file data.cif (mmCIF, C-alpha atoms and all ligand atoms)
data_coords
loop_
_atom_site.group_PDB
_atom_site.id
_atom_site.type_symbol
_atom_site.label_atom_id
_atom_site.label_comp_id
_atom_site.auth_asym_id
_atom_site.auth_seq_id
_atom_site.Cartn_x
_atom_site.Cartn_y
_atom_site.Cartn_z
ATOM 1 C CA MET A 1 -9.511 46.412 -59.619
ATOM 2 C CA GLY A 2 -11.668 44.478 -62.060
ATOM 3 C CA ASP A 3 -11.389 44.404 -65.820
ATOM 4 C CA GLU A 4 -13.071 47.676 -66.599
ATOM 5 C CA GLU A 5 -10.823 50.736 -66.435
ATOM 6 C CA LYS A 6 -11.809 52.936 -63.502
ATOM 7 C CA LYS A 7 -12.264 56.626 -64.102
ATOM 8 C CA VAL A 8 -11.122 59.061 -61.444
ATOM 9 C CA LEU A 9 -11.713 62.801 -61.360
ATOM 10 C CA VAL A 10 -9.051 64.912 -59.637
ATOM 11 C CA THR A 11 -10.517 68.335 -59.042
ATOM 12 C CA ARG A 12 -7.321 70.397 -59.008
ATOM 13 C CA ALA A 13 -3.606 70.466 -59.715
ATOM 14 C CA MET A 14 -1.920 68.377 -57.002
ATOM 15 C CA PRO A 15 1.645 68.006 -55.679
ATOM 16 C CA LYS A 16 3.870 65.900 -57.925
ATOM 17 C CA GLY A 17 3.780 62.190 -57.184
ATOM 18 C CA GLY A 18 0.657 62.342 -55.043
ATOM 19 C CA LEU A 19 -1.497 60.718 -57.697
ATOM 20 C CA ASP A 20 0.955 57.886 -58.428
ATOM 21 C CA PRO A 21 -1.220 55.244 -56.708
ATOM 22 C CA LEU A 22 -4.014 56.005 -59.180
ATOM 23 C CA THR A 23 -1.847 55.650 -62.253
ATOM 24 C CA ALA A 24 -0.051 52.614 -60.818
ATOM 25 C CA ALA A 25 -3.441 50.948 -60.385
ATOM 26 C CA GLY A 26 -4.309 51.684 -64.008
ATOM 27 C CA CYS A 27 -7.001 54.290 -63.349
ATOM 28 C CA GLN A 28 -7.907 56.727 -66.078
ATOM 29 C CA VAL A 29 -7.307 60.089 -64.407
ATOM 30 C CA THR A 30 -9.054 63.281 -65.489
ATOM 31 C CA GLN A 31 -7.478 66.211 -63.729
ATOM 32 C CA ARG A 32 -8.212 69.904 -63.722
ATOM 33 C CA LEU A 33 -4.719 71.276 -64.223
ATOM 34 C CA ASP A 34 -5.388 75.010 -64.421
ATOM 35 C CA ASP A 35 -5.832 75.105 -60.621
ATOM 36 C CA VAL A 36 -9.235 76.765 -60.805
ATOM 37 C CA ALA A 37 -12.017 75.240 -58.728
ATOM 38 C CA TYR A 38 -14.893 73.543 -60.508
ATOM 39 C CA THR A 39 -18.183 75.304 -59.924
ATOM 40 C CA HIS A 40 -20.877 73.452 -58.034
ATOM 41 C CA ALA A 41 -22.794 72.985 -61.310
ATOM 42 C CA GLU A 42 -19.693 71.518 -62.971
ATOM 43 C CA LEU A 43 -19.158 69.066 -60.105
ATOM 44 C CA VAL A 44 -22.800 67.957 -60.325
ATOM 45 C CA GLU A 45 -22.401 67.407 -64.056
ATOM 46 C CA LEU A 46 -19.072 65.582 -63.783
ATOM 47 C CA ALA A 47 -19.741 63.388 -60.719
ATOM 48 C CA PRO A 48 -21.817 60.638 -62.416
ATOM 49 C CA ASN A 49 -19.139 60.018 -65.047
ATOM 50 C CA PHE A 50 -16.451 58.909 -62.599
ATOM 51 C CA ASP A 51 -15.960 55.935 -60.291
ATOM 52 C CA GLY A 52 -13.875 57.957 -57.893
ATOM 53 C CA MET A 53 -12.975 61.523 -57.079
ATOM 54 C CA VAL A 54 -10.001 63.135 -55.320
ATOM 55 C CA CYS A 55 -11.089 66.570 -54.130
ATOM 56 C CA LEU A 56 -10.021 69.419 -51.884
ATOM 57 C CA LEU A 57 -11.627 70.983 -48.826
ATOM 58 C CA THR A 58 -12.650 73.906 -51.026
ATOM 59 C CA ASP A 59 -14.873 71.598 -53.122
ATOM 60 C CA LYS A 60 -18.367 71.382 -51.696
ATOM 61 C CA ILE A 61 -19.444 67.770 -52.004
ATOM 62 C CA ASP A 62 -23.075 68.225 -51.007
ATOM 63 C CA THR A 63 -26.326 66.365 -51.624
ATOM 64 C CA ASP A 64 -26.552 67.546 -55.238
ATOM 65 C CA VAL A 65 -23.080 66.311 -56.156
ATOM 66 C CA LEU A 66 -23.470 63.035 -54.267
ATOM 67 C CA GLU A 67 -26.928 62.248 -55.629
ATOM 68 C CA ALA A 68 -25.832 63.001 -59.188
ATOM 69 C CA GLY A 69 -22.734 60.855 -58.651
ATOM 70 C CA ALA A 70 -24.612 57.942 -57.122
ATOM 71 C CA ARG A 71 -27.117 57.965 -60.001
ATOM 72 C CA GLY A 72 -24.091 57.391 -62.221
ATOM 73 C CA ARG A 73 -20.924 55.441 -61.367
ATOM 74 C CA LEU A 74 -19.496 57.353 -58.399
ATOM 75 C CA ARG A 75 -18.408 55.015 -55.569
ATOM 76 C CA VAL A 76 -15.757 56.929 -53.626
ATOM 77 C CA VAL A 77 -14.744 60.501 -52.858
ATOM 78 C CA ALA A 78 -11.398 61.137 -51.147
ATOM 79 C CA ASN A 79 -10.780 64.535 -49.599
ATOM 80 C CA ALA A 80 -7.110 65.540 -49.629
ATOM 81 C CA ALA A 81 -7.531 66.915 -46.097
ATOM 82 C CA VAL A 82 -8.126 65.505 -42.649
ATOM 83 C CA GLY A 83 -11.153 67.763 -42.062
ATOM 84 C CA TYR A 84 -14.220 66.853 -44.104
ATOM 85 C CA ASP A 85 -16.855 69.400 -43.180
ATOM 86 C CA ASN A 86 -17.082 70.211 -46.919
ATOM 87 C CA ILE A 87 -18.661 66.789 -47.520
ATOM 88 C CA ASP A 88 -22.128 65.614 -46.555
ATOM 89 C CA VAL A 89 -20.873 62.327 -45.105
ATOM 90 C CA GLU A 90 -24.290 61.266 -43.852
ATOM 91 C CA ARG A 91 -25.845 61.609 -47.291
ATOM 92 C CA ALA A 92 -22.873 59.848 -48.871
ATOM 93 C CA GLU A 93 -23.322 56.890 -46.541
ATOM 94 C CA ARG A 94 -27.019 56.637 -47.392
ATOM 95 C CA LEU A 95 -26.175 56.725 -51.089
ATOM 96 C CA GLY A 96 -23.398 54.156 -50.780
ATOM 97 C CA VAL A 97 -20.616 56.549 -51.729
ATOM 98 C CA VAL A 98 -17.522 55.938 -49.570
ATOM 99 C CA ILE A 99 -15.724 59.003 -48.183
ATOM 100 C CA CYS A 100 -12.010 59.020 -47.321
ATOM 101 C CA ASN A 101 -9.769 61.646 -45.731
ATOM 102 C CA THR A 102 -6.083 61.945 -44.819
ATOM 103 C CA PRO A 103 -5.553 61.340 -41.092
ATOM 104 C CA GLY A 104 -2.118 60.973 -39.556
ATOM 105 C CA VAL A 105 0.114 62.254 -42.315
ATOM 106 C CA LEU A 106 -0.298 65.940 -41.485
ATOM 107 C CA ASP A 107 -0.239 65.854 -37.686
ATOM 108 C CA GLU A 108 3.337 66.991 -37.143
ATOM 109 C CA THR A 109 3.291 69.613 -39.882
ATOM 110 C CA THR A 110 0.073 71.153 -38.594
ATOM 111 C CA ALA A 111 1.346 71.015 -35.016
ATOM 112 C CA ASP A 112 4.512 72.827 -36.149
ATOM 113 C CA LEU A 113 2.341 75.590 -37.551
ATOM 114 C CA ALA A 114 0.164 75.786 -34.448
ATOM 115 C CA PHE A 115 3.302 76.202 -32.387
ATOM 116 C CA LEU A 116 4.618 78.801 -34.790
ATOM 117 C CA LEU A 117 1.382 80.746 -34.202
ATOM 118 C CA ILE A 118 1.632 80.366 -30.417
ATOM 119 C CA LEU A 119 5.115 81.865 -30.502
ATOM 120 C CA ALA A 120 4.366 84.504 -33.114
ATOM 121 C CA ALA A 121 1.164 85.683 -31.418
ATOM 122 C CA ALA A 122 2.704 85.817 -27.939
ATOM 123 C CA ARG A 123 5.693 87.763 -29.271
ATOM 124 C CA LEU A 124 3.579 90.003 -31.548
ATOM 125 C CA ALA A 125 5.875 88.945 -34.392
ATOM 126 C CA SER A 126 3.650 90.138 -37.253
ATOM 127 C CA ASP A 127 3.275 93.577 -35.738
ATOM 128 C CA ALA A 128 7.012 93.912 -35.179
ATOM 129 C CA GLU A 129 7.814 92.712 -38.685
ATOM 130 C CA ARG A 130 5.252 95.075 -40.173
ATOM 131 C CA ASP A 131 6.950 98.024 -38.480
ATOM 132 C CA LEU A 132 10.320 96.928 -39.848
ATOM 133 C CA ARG A 133 9.011 96.392 -43.385
ATOM 134 C CA GLU A 134 7.271 99.759 -43.343
ATOM 135 C CA GLY A 135 10.498 101.523 -42.324
ATOM 136 C CA LYS A 136 9.084 102.398 -38.900
ATOM 137 C CA TRP A 137 11.841 100.749 -36.872
ATOM 138 C CA ALA A 138 13.880 103.525 -35.305
ATOM 139 C CA GLY A 139 16.340 101.191 -33.544
ATOM 140 C CA TRP A 140 16.444 98.942 -30.487
ATOM 141 C CA GLY A 141 14.027 100.125 -27.824
ATOM 142 C CA ILE A 142 13.676 98.835 -24.275
ATOM 143 C CA SER A 143 9.897 99.137 -24.390
ATOM 144 C CA ASP A 144 9.253 98.329 -28.035
ATOM 145 C CA HIS A 145 7.261 95.354 -29.305
ATOM 146 C CA LEU A 146 6.869 93.779 -25.905
ATOM 147 C CA GLY A 147 5.243 90.401 -26.106
ATOM 148 C CA ARG A 148 4.579 87.680 -23.548
ATOM 149 C CA ASP A 149 6.730 84.704 -22.582
ATOM 150 C CA VAL A 150 5.708 81.287 -23.893
ATOM 151 C CA HIS A 151 8.239 79.099 -22.066
ATOM 152 C CA GLY A 152 7.126 77.882 -18.673
ATOM 153 C CA ARG A 153 3.513 78.987 -19.190
ATOM 154 C CA VAL A 154 0.292 76.985 -19.388
ATOM 155 C CA LEU A 155 -0.928 75.683 -22.745
ATOM 156 C CA GLY A 156 -4.611 74.742 -22.993
ATOM 157 C CA LEU A 157 -5.636 72.449 -25.839
ATOM 158 C CA ILE A 158 -9.276 72.308 -26.901
ATOM 159 C CA GLY A 159 -9.619 68.834 -28.374
ATOM 160 C CA TYR A 160 -6.996 66.130 -27.894
ATOM 161 C CA GLY A 161 -6.690 64.296 -31.178
ATOM 162 C CA ARG A 162 -3.499 63.497 -33.032
ATOM 163 C CA ILE A 163 -2.619 67.083 -33.932
ATOM 164 C CA ALA A 164 -3.264 68.424 -30.427
ATOM 165 C CA ARG A 165 -1.020 65.724 -28.968
ATOM 166 C CA GLU A 166 1.769 66.734 -31.313
ATOM 167 C CA VAL A 167 1.358 70.341 -30.159
ATOM 168 C CA ALA A 168 1.569 69.073 -26.568
ATOM 169 C CA ARG A 169 4.820 67.260 -27.396
ATOM 170 C CA ARG A 170 6.336 70.466 -28.747
ATOM 171 C CA ALA A 171 5.165 72.418 -25.699
ATOM 172 C CA GLU A 172 7.099 70.079 -23.411
ATOM 173 C CA GLY A 173 10.302 71.309 -25.010
ATOM 174 C CA PHE A 174 9.325 74.821 -23.961
ATOM 175 C CA GLY A 175 8.777 73.755 -20.362
ATOM 176 C CA MET A 176 5.047 74.395 -20.614
ATOM 177 C CA GLU A 177 2.385 72.805 -18.476
ATOM 178 C CA VAL A 178 -0.106 71.280 -20.904
ATOM 179 C CA LEU A 179 -3.830 70.981 -20.162
ATOM 180 C CA HIS A 180 -6.514 69.657 -22.461
ATOM 181 C CA HIS A 181 -10.275 69.546 -22.571
ATOM 182 C CA THR A 182 -12.510 67.226 -24.565
ATOM 183 C CA ARG A 183 -16.191 66.407 -24.161
ATOM 184 C CA ARG A 184 -15.361 62.984 -22.752
ATOM 185 C CA PRO A 185 -12.551 62.366 -20.253
ATOM 186 C CA THR A 186 -9.404 61.182 -22.011
ATOM 187 C CA GLY A 187 -7.797 59.484 -19.035
ATOM 188 C CA PHE A 188 -4.550 61.304 -19.867
ATOM 189 C CA PRO A 189 -2.710 63.636 -17.489
ATOM 190 C CA GLY A 190 -3.670 67.277 -17.990
ATOM 191 C CA PHE A 191 -7.350 66.616 -18.676
ATOM 192 C CA VAL A 192 -9.589 69.357 -17.306
ATOM 193 C CA GLU A 193 -13.280 68.697 -17.014
ATOM 194 C CA THR A 194 -14.687 71.987 -18.227
ATOM 195 C CA LEU A 195 -13.853 74.240 -21.112
ATOM 196 C CA ASP A 196 -14.349 77.211 -18.789
ATOM 197 C CA GLU A 197 -11.603 75.985 -16.480
ATOM 198 C CA LEU A 198 -9.239 75.423 -19.390
ATOM 199 C CA LEU A 199 -9.893 78.898 -20.756
ATOM 200 C CA SER A 200 -9.455 80.675 -17.455
ATOM 201 C CA THR A 201 -6.214 78.911 -16.486
ATOM 202 C CA SER A 202 -4.293 78.856 -19.789
ATOM 203 C CA ASP A 203 -1.774 81.364 -21.085
ATOM 204 C CA ALA A 204 -2.081 80.013 -24.621
ATOM 205 C CA VAL A 205 -5.243 78.315 -25.864
ATOM 206 C CA SER A 206 -5.060 76.290 -29.070
ATOM 207 C CA ILE A 207 -8.158 74.925 -30.826
ATOM 208 C CA HIS A 208 -8.047 71.402 -32.298
ATOM 209 C CA VAL A 209 -11.628 70.282 -32.895
ATOM 210 C CA PRO A 210 -13.404 69.418 -36.140
ATOM 211 C CA LEU A 211 -16.195 71.694 -37.348
ATOM 212 C CA THR A 212 -19.568 70.168 -36.457
ATOM 213 C CA ASP A 213 -22.950 71.524 -35.347
ATOM 214 C CA THR A 214 -21.697 71.210 -31.761
ATOM 215 C CA THR A 215 -18.377 72.994 -32.248
ATOM 216 C CA SER A 216 -19.640 75.820 -34.467
ATOM 217 C CA LYS A 217 -18.933 79.116 -32.621
ATOM 218 C CA MET A 218 -17.897 77.178 -29.528
ATOM 219 C CA ILE A 219 -15.494 80.024 -28.733
ATOM 220 C CA SER A 220 -17.650 83.090 -28.552
ATOM 221 C CA LYS A 221 -18.045 86.224 -26.425
ATOM 222 C CA ARG A 222 -18.664 84.337 -23.161
ATOM 223 C CA GLU A 223 -15.726 81.987 -23.622
ATOM 224 C CA LEU A 224 -13.332 84.777 -24.648
ATOM 225 C CA ALA A 225 -14.296 86.736 -21.554
ATOM 226 C CA LEU A 226 -13.048 83.820 -19.445
ATOM 227 C CA MET A 227 -9.535 84.003 -20.861
ATOM 228 C CA LYS A 228 -6.700 85.851 -19.148
ATOM 229 C CA PRO A 229 -6.005 89.339 -20.541
ATOM 230 C CA THR A 230 -2.412 88.112 -21.013
ATOM 231 C CA ALA A 231 -3.401 84.986 -22.973
ATOM 232 C CA VAL A 232 -3.184 84.194 -26.676
ATOM 233 C CA LEU A 233 -5.715 82.250 -28.724
ATOM 234 C CA ILE A 234 -4.671 80.048 -31.650
ATOM 235 C CA ASN A 235 -6.904 78.454 -34.274
ATOM 236 C CA THR A 236 -5.602 75.987 -36.858
ATOM 237 C CA SER A 237 -8.774 73.874 -37.037
ATOM 238 C CA ARG A 238 -11.715 75.463 -38.844
ATOM 239 C CA GLY A 239 -12.691 79.133 -38.823
ATOM 240 C CA PRO A 240 -16.376 78.830 -37.871
ATOM 241 C CA VAL A 241 -15.420 77.225 -34.532
ATOM 242 C CA LEU A 242 -14.538 80.756 -33.434
ATOM 243 C CA ASP A 243 -16.836 83.795 -33.480
ATOM 244 C CA GLU A 244 -14.585 86.277 -35.292
ATOM 245 C CA GLU A 245 -16.525 89.411 -34.356
ATOM 246 C CA ALA A 246 -16.363 88.407 -30.695
ATOM 247 C CA LEU A 247 -12.633 87.778 -31.092
ATOM 248 C CA CYS A 248 -12.134 91.230 -32.632
ATOM 249 C CA ASP A 249 -14.028 92.779 -29.687
ATOM 250 C CA ALA A 250 -11.860 90.828 -27.235
ATOM 251 C CA LEU A 251 -8.656 91.951 -28.979
ATOM 252 C CA ASP A 252 -9.737 95.573 -29.293
ATOM 253 C CA GLY A 253 -10.982 95.657 -25.709
ATOM 254 C CA GLY A 254 -7.794 94.045 -24.366
ATOM 255 C CA SER A 255 -9.590 91.113 -22.780
ATOM 256 C CA ILE A 256 -7.076 88.784 -24.468
ATOM 257 C CA PHE A 257 -3.504 89.617 -25.483
ATOM 258 C CA ALA A 258 -3.271 88.356 -29.072
ATOM 259 C CA ALA A 259 -4.503 85.768 -31.567
ATOM 260 C CA GLY A 260 -2.854 83.563 -34.166
ATOM 261 C CA LEU A 261 -5.148 82.286 -36.894
ATOM 262 C CA ASP A 262 -4.696 79.999 -39.880
ATOM 263 C CA VAL A 263 -8.414 79.534 -40.613
ATOM 264 C CA TYR A 264 -11.364 81.910 -40.993
ATOM 265 C CA GLU A 265 -15.139 81.945 -40.839
ATOM 266 C CA SER A 266 -15.646 82.770 -44.540
ATOM 267 C CA GLU A 267 -12.421 81.785 -46.278
ATOM 268 C CA PRO A 268 -10.834 83.256 -48.300
ATOM 269 C CA ALA A 269 -12.468 86.435 -46.936
ATOM 270 C CA VAL A 270 -10.791 87.651 -43.756
ATOM 271 C CA ASN A 271 -12.573 89.959 -41.335
ATOM 272 C CA PRO A 272 -11.070 93.446 -41.918
ATOM 273 C CA ARG A 273 -10.980 94.012 -38.150
ATOM 274 C CA LEU A 274 -8.604 91.048 -37.808
ATOM 275 C CA ILE A 275 -6.386 92.488 -40.513
ATOM 276 C CA ALA A 276 -6.406 95.932 -38.887
ATOM 277 C CA SER A 277 -5.537 94.584 -35.430
ATOM 278 C CA ARG A 278 -1.920 94.915 -34.305
ATOM 279 C CA ARG A 279 -2.444 91.875 -32.100
ATOM 280 C CA THR A 280 -3.063 89.230 -34.717
ATOM 281 C CA VAL A 281 -0.857 86.872 -36.679
ATOM 282 C CA LEU A 282 -2.794 85.782 -39.753
ATOM 283 C CA LEU A 283 -1.871 82.964 -42.129
ATOM 284 C CA PRO A 284 -3.801 81.753 -45.187
ATOM 285 C CA HIS A 285 -4.790 78.191 -44.110
ATOM 286 C CA ILE A 286 -1.314 76.704 -44.542
ATOM 287 C CA GLY A 287 -1.342 74.279 -41.587
ATOM 288 C CA SER A 288 -0.349 71.275 -43.703
ATOM 289 C CA ALA A 289 1.396 73.226 -46.448
ATOM 290 C CA THR A 290 4.786 71.599 -46.869
ATOM 291 C CA ILE A 291 5.823 69.801 -50.033
ATOM 292 C CA GLU A 292 6.351 66.550 -48.128
ATOM 293 C CA THR A 293 3.067 66.597 -46.254
ATOM 294 C CA ARG A 294 0.826 67.765 -49.079
ATOM 295 C CA THR A 295 2.303 65.010 -51.269
ATOM 296 C CA LYS A 296 1.579 62.430 -48.564
ATOM 297 C CA MET A 297 -1.974 63.724 -48.214
ATOM 298 C CA VAL A 298 -2.742 63.390 -51.904
ATOM 299 C CA ARG A 299 -1.094 59.960 -51.957
ATOM 300 C CA LEU A 300 -3.238 58.783 -49.060
ATOM 301 C CA ALA A 301 -6.387 60.147 -50.696
ATOM 302 C CA SER A 302 -5.433 58.416 -53.965
ATOM 303 C CA LEU A 303 -4.746 55.147 -52.155
ATOM 304 C CA GLY A 304 -8.182 55.379 -50.555
ATOM 305 C CA VAL A 305 -9.788 55.638 -53.981
ATOM 306 C CA VAL A 306 -7.772 52.683 -55.303
ATOM 307 C CA GLU A 307 -8.652 50.545 -52.293
ATOM 308 C CA VAL A 308 -12.371 51.233 -52.516
ATOM 309 C CA LEU A 309 -12.450 50.663 -56.272
ATOM 310 C CA SER A 310 -10.609 47.371 -55.669
ATOM 311 C CA GLY A 311 -13.360 46.254 -53.306
ATOM 312 C CA ARG A 312 -11.392 46.796 -50.106
ATOM 313 C CA THR A 313 -12.056 49.096 -47.142
ATOM 314 C CA PRO A 314 -9.135 51.426 -46.509
ATOM 315 C CA GLU A 315 -8.310 52.669 -43.004
ATOM 316 C CA ASN A 316 -8.992 56.247 -43.983
ATOM 317 C CA VAL A 317 -12.731 55.820 -44.524
ATOM 318 C CA VAL A 318 -14.855 58.331 -42.617
ATOM 319 C CA THR A 319 -18.331 57.725 -41.258
ATOM 320 C CA PRO A 320 -20.923 60.261 -40.045
ATOM 321 C CA ARG A 321 -19.966 61.761 -36.671
HETATM 322 C C1 LIG B 1 -7.085 69.683 -43.284
HETATM 323 O O1 LIG B 1 -6.430 68.729 -43.726
HETATM 324 O O2 LIG B 1 -8.228 69.553 -42.869
HETATM 325 C C2 LIG B 1 -6.419 71.008 -43.229
HETATM 326 O O3 LIG B 1 -7.273 72.031 -42.896
HETATM 327 C C3 LIG B 1 -5.700 71.303 -44.510
HETATM 328 O O4 LIG B 1 -4.542 70.592 -44.427
#
call {"tool": "encode", "arguments": {"input": "data.cif", "output": "structure tokens", "more": "lines below"}}
Ligand code: DGY
result
Amino acid sequence: MGDEEKKVLVTRAMPKGGLDPLTAAGCQVTQRLDDVAYTHAELVELAPNFDGMVCLLTDKIDTDVLEAGARGRLRVVANAAVGYDNIDVERAERLGVVICNTPGVLDETTADLAFLLILAAARLASDAERDLREGKWAGWGISDHLGRDVHGRVLGLIGYGRIAREVARRAEGFGMEVLHHTRRPTGFPGFVETLDELLSTSDAVSIHVPLTDTTSKMISKRELALMKPTAVLINTSRGPVLDEEALCDALDGGSIFAAGLDVYESEPAVNPRLIASRRTVLLPHIGSATIETRTKMVRLASLGVVEVLSGRTPENVVTPR
């Protein structure tokens, strides 16, 4: 890694062992351990003093941070997440700051959670549990808490990257027919050419696209109106891909059956209409939140920093879309 000791900023407390590659490579690690996010102004001030940074998706690595960093010694920023819409990758590339993410290591864990949401939304699990917790369960009832079957139904995947494919694999075990839609044909069985067709034929629709200018609000009033009134909608990707007000209208108006969400338009704020709805299952962005997976993510981010600071190009480098 060269003779000079490399300085790496780690913006938050991280799972134990995740930062081992940095220490093993002899980096001097400065870590915010109180688990409070740095302000934007603090990141701008700190960035030039470090060769590398390991950050979270809640850290906004924008032009200001990148320009300040590049004026100093910053050479690499590794996001401990697979999504990187919190980073201005285009600006980073122009400034010569390498950006890394954590692909691959969280696919199965996130797919598990997407499937959990498919099941929980279709079976109205949160609503049923809420009644029990609030002492409103009067005993077994033939017409109580009636959900919809998942097994044997049609699953529609929007996007067909690694995570979506893992969801598809799980769906096979439930005897589901799996369709997918992407902008370009995938060549795989189950590809449907239009999003409209996918929406109108699926019993469960699960979103697996990154947040970009093209995907922002891609599921809005028009798209929701195409879904079956018996269908459930799941989002484990990024909140702004879905128009939340339109979703609330669709749920309240009964034009879809239920929704399972792990991500929100303005996290950590959650639309009060979603919270009030009896037809939502709402989780606080925990798609990859297992001890094993979060540790792997931080490890991969750390390895990316070490590789770049050693003059190599790691596989987890991201380039502008
Ligand atoms: C990601 O990695 O992008 C998820 O949203 C958090 O695991």
call {"tool": "residues_near_ligand", "arguments": {"input": "data.cif", "ligand": "ligand LIG 1 (chain B)", "cutoff": "9 Å", "atoms": "all atoms listed in the file", "output": "list of chain:residue names"}}
result
A:Leu56, A:Leu57, A:Asn79, A:Ala80, A:Ala81, A:Val82, A:Gly83, A:Tyr84, A:Asp85, A:Asn101, A:Thr102, A:Pro103, A:Leu106, A:Thr110, A:Pro210, A:Thr236, A:Ser237, A:Arg238, A:Asp262, A:Val263, A:His285, A:Ile286, A:Gly287, A:Ser288, A:Ala289, A:Thr293, A:Arg294, A:Met297
call {"tool": "atom_distance", "arguments": {"input": "data.cif", "atom1": "atom CA of Glu4 of chain A", "atom2": "atom CA of Asp62 of chain A"}}
result
27.7 Å
call {"tool": "atom_distance", "arguments": {"input": "data.cif", "atom1": "atom CA of Val318 of chain A", "atom2": "atom CA of Arg75 of chain A"}}
result
13.8 Å
call {"tool": "closest_residue", "arguments": {"input": "data.cif", "among": "A:Ala92, A:Thr319, A:Met53, A:Thr215", "to": "Val77 of chain A", "atoms": "all atoms listed in the file"}}
result
A:Met53
call {"tool": "resolve_selection", "arguments": {"input": "data.cif", "expression": "the PyMOL selection byres (((chain A and resi 120-129) around 10) and not hetatm)", "output": "PyMOL selection string"}}
result
chain A and resi 114-119+130-137+144-150+203-204+230-234+257-261+277-282
